[in-house]
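Some notes on the structure that comes next.
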There are 2 protein chains.
Amino acid sequence: MSIEVIRTPAKLRERAFSLRGTGSRIALVPTMGALHEGHLSLLRKARPLCDTLIMSIFVNPTQFAAGEDLDRYPRDESTDLALATECGVDIAFCPTPRDMYPEGYQTRITLPKLAAPMCGAKRPGHFDGVATVVSKLFNAALPHLAVFGEKDFQQLAILRQLNADLDFGIEILGGAIVREADGLALSSRNVYLSAEERKQAPRLQQGLQAAAQRFAEGVTDASVLLSAARAIVGSAPLAQIEYLELRSAKTLEDVREVTEPSLIAVAARFGNTRLIDNLVLVP
Amino acid sequence: MSIEVIRTPAKLRERAFSLRGTGSRIALVPTMGALHEGHLSLLRKARPLCDTLIMSIFVNPTQFAAGEDLDRYPRDESTDLALATECGVDIAFCPTPRDMYPEGYQTRITLPKLAAPMCGAKRPGHFDGVATVVSKLFNAALPHLAVFGEKDFQQLAILRQLNADLDFGIEILGGAIVREADGLALSSRNVYLSAEERKQAPRLQQGLQAAAQRFAEGVTDASVLLSAARAIVGSAPLAQIEYLELRSAKTLEDVREVTEPSLIAVAARFGNTRLIDNLVLVP
């Protein structure tokens with residue numbers, strides 16, 4: 001059976017209410033397209049947990065700050081739809097920016113605490129754009145569950161809080177980071193990397209692993225753990241570190257000592273390409 | 001049959017999905033309680049248009065600015081429930097602030113353009129609070145239609161835009177202002193007025209009517225129409241005018257000349273009591 005493509009929020013919401021009425025359990029996997037194994041792993045995670053699997057493809061302009069890569073972000077709808085079909089997606093929601101943000105559109109959703117640090121500090125308005133578009137996707141797809149990748153850990157924390165705060169009643173699941181053989185986290189932005197940048201990019205993951213190694217040896221002091229990570233990441237000549245931080249995995253507040261599950265997260269630029277990675281240290 | 005009282009958003013959403021599944025058409029009338037004939041007229045408007053009539057009672061703290069009347073706002077749930085029952089309400093949604101804003105709550109919804117002028121300029125954060133709580137009510141009640149009073153004209157404009165922007169797919173209806181015999185618009189805050197303030201309060205409506213009279217005579221210049229209104233409202237010694245403005249009824253942008261449906265709106269304080277009123281001039 002071929003995949004069903006829906007292009008407006010109103011049509012998807014109508015379809016979702018009708019599916020809900022027949023008792024169908026709906027899962028949503030939001031994406032910006034340019035699907036890689038990371039996305040596909042989210043679809044495979046959702047598939048057995050639902051009756052109707054909806055995937056959205058929307059490169060959301062409001063989550064790109066001025067000067068970011070909105071225009072060159074990779075787009076290939078037909079390949080994405082073929083991959084989605086292979087993974088058992090029932091409905092692909094593929095709106096245009098005009099479908100999502102018609103003339104006169106102005107509503108903005110913000111989570112000031114969770115969006116303040118890390119990527120939120122470096123990408124003004126980014127998480128407002130994410131929270132707003134995902135609220136629209138939740139209202140359109142009315143899912144019972146939704147799956148988001150853990151590579152965007154801060155995004156996942158924000159969306160869990162958004163879901164609770166606005167009473168969406170959705171079960172939010174995280175999907176583990178999928179990596180290349182050399183440890184680089186999969187990202188649609190990896191295609192931007194030059195050969196030399198690509199060679200150095202795995203240092204992000206290696207730095208996080210160095211911190212995890214020290215933690216496994218009994219070190220809980222944040223500054224020591226971060227130094228271990230920084231030594232490795234900083235040894236990549238092309239990496240410009242944007243942040244490298246240890247924070248509570250729940251509240252994203254700074255931690256000095258790892259006494260609760262704690263996120264160690266890094267963002268770095270390789271030329272114009274911004275990459276992120278993270279792992280969680282669990283005492 | 002006695003009215004059903006639900007106290008948490010999660011329970012109401014579950015109930016609403018179940019009602020939707022049986023084909024029931026749901027109407028929502030949000031209130032802050034202290035019901036008067038204005039509220040009851042909204043219930044009577046909604047009743048024949050739906051199968052299940054839901055009324056919410058929630059004095060929403062986030063829409064009161066510091067120093068406003070949150071603490072003294074009138075509350076009488078049992079009287080409200082009796083009135084609601086008389087008007088055929090099926091479900092009363094009566095959450096506590098803690099049910100709506102649990103520990104850690106942080107999401108805020110803003111409509112920067114429509115919320116900027118008039119009451120938005122005078123009550124910092126007010127319309128963020130309104131847009132946020134109504135989004136929560138929409139998500140909990142999943143109504144097909146919702147009715148709001150036209151006395152709060154700016155609020156109604158904001159909620160129409162919110163509904164469109166976040167894809168709620170709800171039919172939003174306005175209910176005409178209900179007035180005392182002497183023209184004063186009904187408001188739960190009228191009980192705050194002293195005898196002398198109460199006597200002067202109808203000047204708001206009389207001022208708007210004076211402008212409407214000049215408009216009926218062919219005057220379309222905003223400054224002339226506003227002067228006519230100001231002469232009457234300003235003749236009430238106890239009235240301190242907060243604003244008296246003519247704006248597009250659709251965009252709430254300033255108008256110099258009434259060439260499209262235009263809102264003439266007033267806010268004034270009588271002592272500590274803030275009253276608003278409005279009417280729409282239609283060319």
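Ligands are numbered from 1 in the order shown, chains are lettered A, B, ... in the order of the structure tokens, and residues start at 1 in each chain.
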
Taking the backbone alone, and naming residues the way the document does, which bits of segment 16-169 of chain A are strand (DSSP E) by DSSP, as a PyMOL selection string? chain A and resi 26-31+52-57+91-93+108-110+145-149

How about saving the chosen residues, C-alpha atoms kept, as a compact mmCIF listing (two decimals), in the first residue's frame?
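See again.txt below for the written result:
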# COMPACT_ATOMS: atom_id res chain seq x y z
CA ILE A 26 -1.45 7.20 16.57
CA ALA A 27 2.31 7.74 16.73
CA LEU A 28 4.04 10.84 15.38
CA VAL A 29 7.68 11.17 14.32
CA PRO A 30 8.42 14.78 13.40
CA THR A 31 11.38 15.33 11.04
CA THR A 52 -1.18 4.56 12.55
CA LEU A 53 2.33 5.92 12.07
CA ILE A 54 2.52 9.55 11.01
CA MET A 55 5.80 11.16 9.99
CA SER A 56 6.06 14.86 9.30
CA ILE A 57 8.59 16.44 6.95
CA ILE A 91 0.77 9.06 6.64
CA ALA A 92 3.40 11.62 5.65
CA PHE A 93 2.53 15.16 6.64
CA ARG A 108 4.93 32.14 19.57
CA ILE A 109 5.47 29.57 22.33
CA THR A 110 8.37 29.87 24.72
CA LEU A 145 2.84 8.95 21.37
CA ALA A 146 5.64 10.85 19.71
CA VAL A 147 9.31 9.95 19.26
CA PHE A 148 12.23 12.39 19.15
CA GLY A 149 15.95 11.73 18.83

Between chain B and chain A, at 9 Å or less, what are the per-residue closest atom pairs and their distances in Å? Count only C-alpha atoms, order by chain and rising residue number, and return it as a tab-separated table.
residue	atom	partner	partner_atom	distance
B:Pro9	CA	A:Asp167	CA	6.5
B:Ala10	CA	A:Gly169	CA	6.7
B:Arg13	CA	A:Gly169	CA	7.9
B:Glu14	CA	A:Gly169	CA	8.8
B:Phe17	CA	A:Arg20	CA	7.8
B:Ser18	CA	A:Gly21	CA	8.1
B:Arg20	CA	A:Gly21	CA	7.0
B:Gly21	CA	A:Gly21	CA	4.2
B:Thr22	CA	A:Gly21	CA	7.4
B:Gly23	CA	A:Gly21	CA	8.2
B:Met100	CA	A:Asp165	CA	8.0
B:Tyr101	CA	A:Asp165	CA	7.2
B:Pro102	CA	A:Asp165	CA	8.1
B:Gly104	CA	A:Gln161	CA	8.4
B:Tyr105	CA	A:Asp165	CA	5.9
B:Gln106	CA	A:Leu111	CA	5.6
B:Thr107	CA	A:Leu111	CA	4.7
B:Arg108	CA	A:Thr110	CA	5.3
B:Ile109	CA	A:Ile109	CA	4.5
B:Thr110	CA	A:Arg108	CA	5.3
B:Leu111	CA	A:Thr107	CA	4.7
B:Pro112	CA	A:Gln106	CA	6.8
B:Lys113	CA	A:Gln106	CA	7.1
B:Leu114	CA	A:Gln106	CA	8.5
B:Thr132	CA	A:Leu166	CA	8.0
B:Val133	CA	A:Leu166	CA	8.4
B:Ser135	CA	A:Leu166	CA	7.0
B:Lys136	CA	A:Leu166	CA	5.1
B:Leu137	CA	A:Asp167	CA	8.6
B:Asn139	CA	A:Asp167	CA	6.3
B:Ala140	CA	A:Asp167	CA	6.6
B:Gln161	CA	A:Tyr105	CA	7.5
B:Leu162	CA	A:Thr107	CA	6.4
B:Ala164	CA	A:Tyr105	CA	8.1
B:Asp165	CA	A:Tyr105	CA	5.9
B:Leu166	CA	A:Lys136	CA	5.1
B:Asp167	CA	A:Lys136	CA	6.1
B:Phe168	CA	A:Asn139	CA	6.3
B:Gly169	CA	A:Ala10	CA	6.7
B:Thr251	CA	A:Gly104	CA	9.0

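Atom CA of Leu193 of chain A to atom CA of Leu238 of chain A spans 10.9 Å [interatomic distance, one decimal].
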
Just the residues within 9 Å of Arg123 of chain B, please, counting only C-alpha atoms, with nothing from its chain fewer than 5 positions along; format it as a PyMOL selection string. chain B and resi 63-65+68+118

Could you dump the residues just selected with C-alpha atoms as a PDB file, in the first residue's frame?
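Saved file selection_32.pdb follows:
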ATOM      1  CA  GLN B  63      -3.454  36.769  33.423  1.00  0.00           C
ATOM      2  CA  PHE B  64      -3.394  39.101  36.425  1.00  0.00           C
ATOM      3  CA  ALA B  65      -0.480  41.521  36.564  1.00  0.00           C
ATOM      4  CA  GLU B  68      -4.216  43.638  40.106  1.00  0.00           C
ATOM      5  CA  MET B 118      -5.045  48.818  24.393  1.00  0.00           C
TER       6      MET B 118
END

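Each of A:Ala157, A:Glu217, A:Ile170, A:Ile276 was compared to Pro202 of chain A using only C-alpha atoms, and A:Ile276 turns out to be the nearest.
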
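Each of B:Arg198, B:Arg230, B:Arg75, B:Arg247 was compared to Gln154 of chain B using only C-alpha atoms, and B:Arg247 turns out to be the nearest.
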
With only C-alpha atoms as the counted atoms, please give the residues lying no more than 6 Å from segment 258-269 of chain B, apart from itself and same-chain residues fewer than 2 positions off, as a ChimeraX atom specification. /B:220,239-249,271,273-282
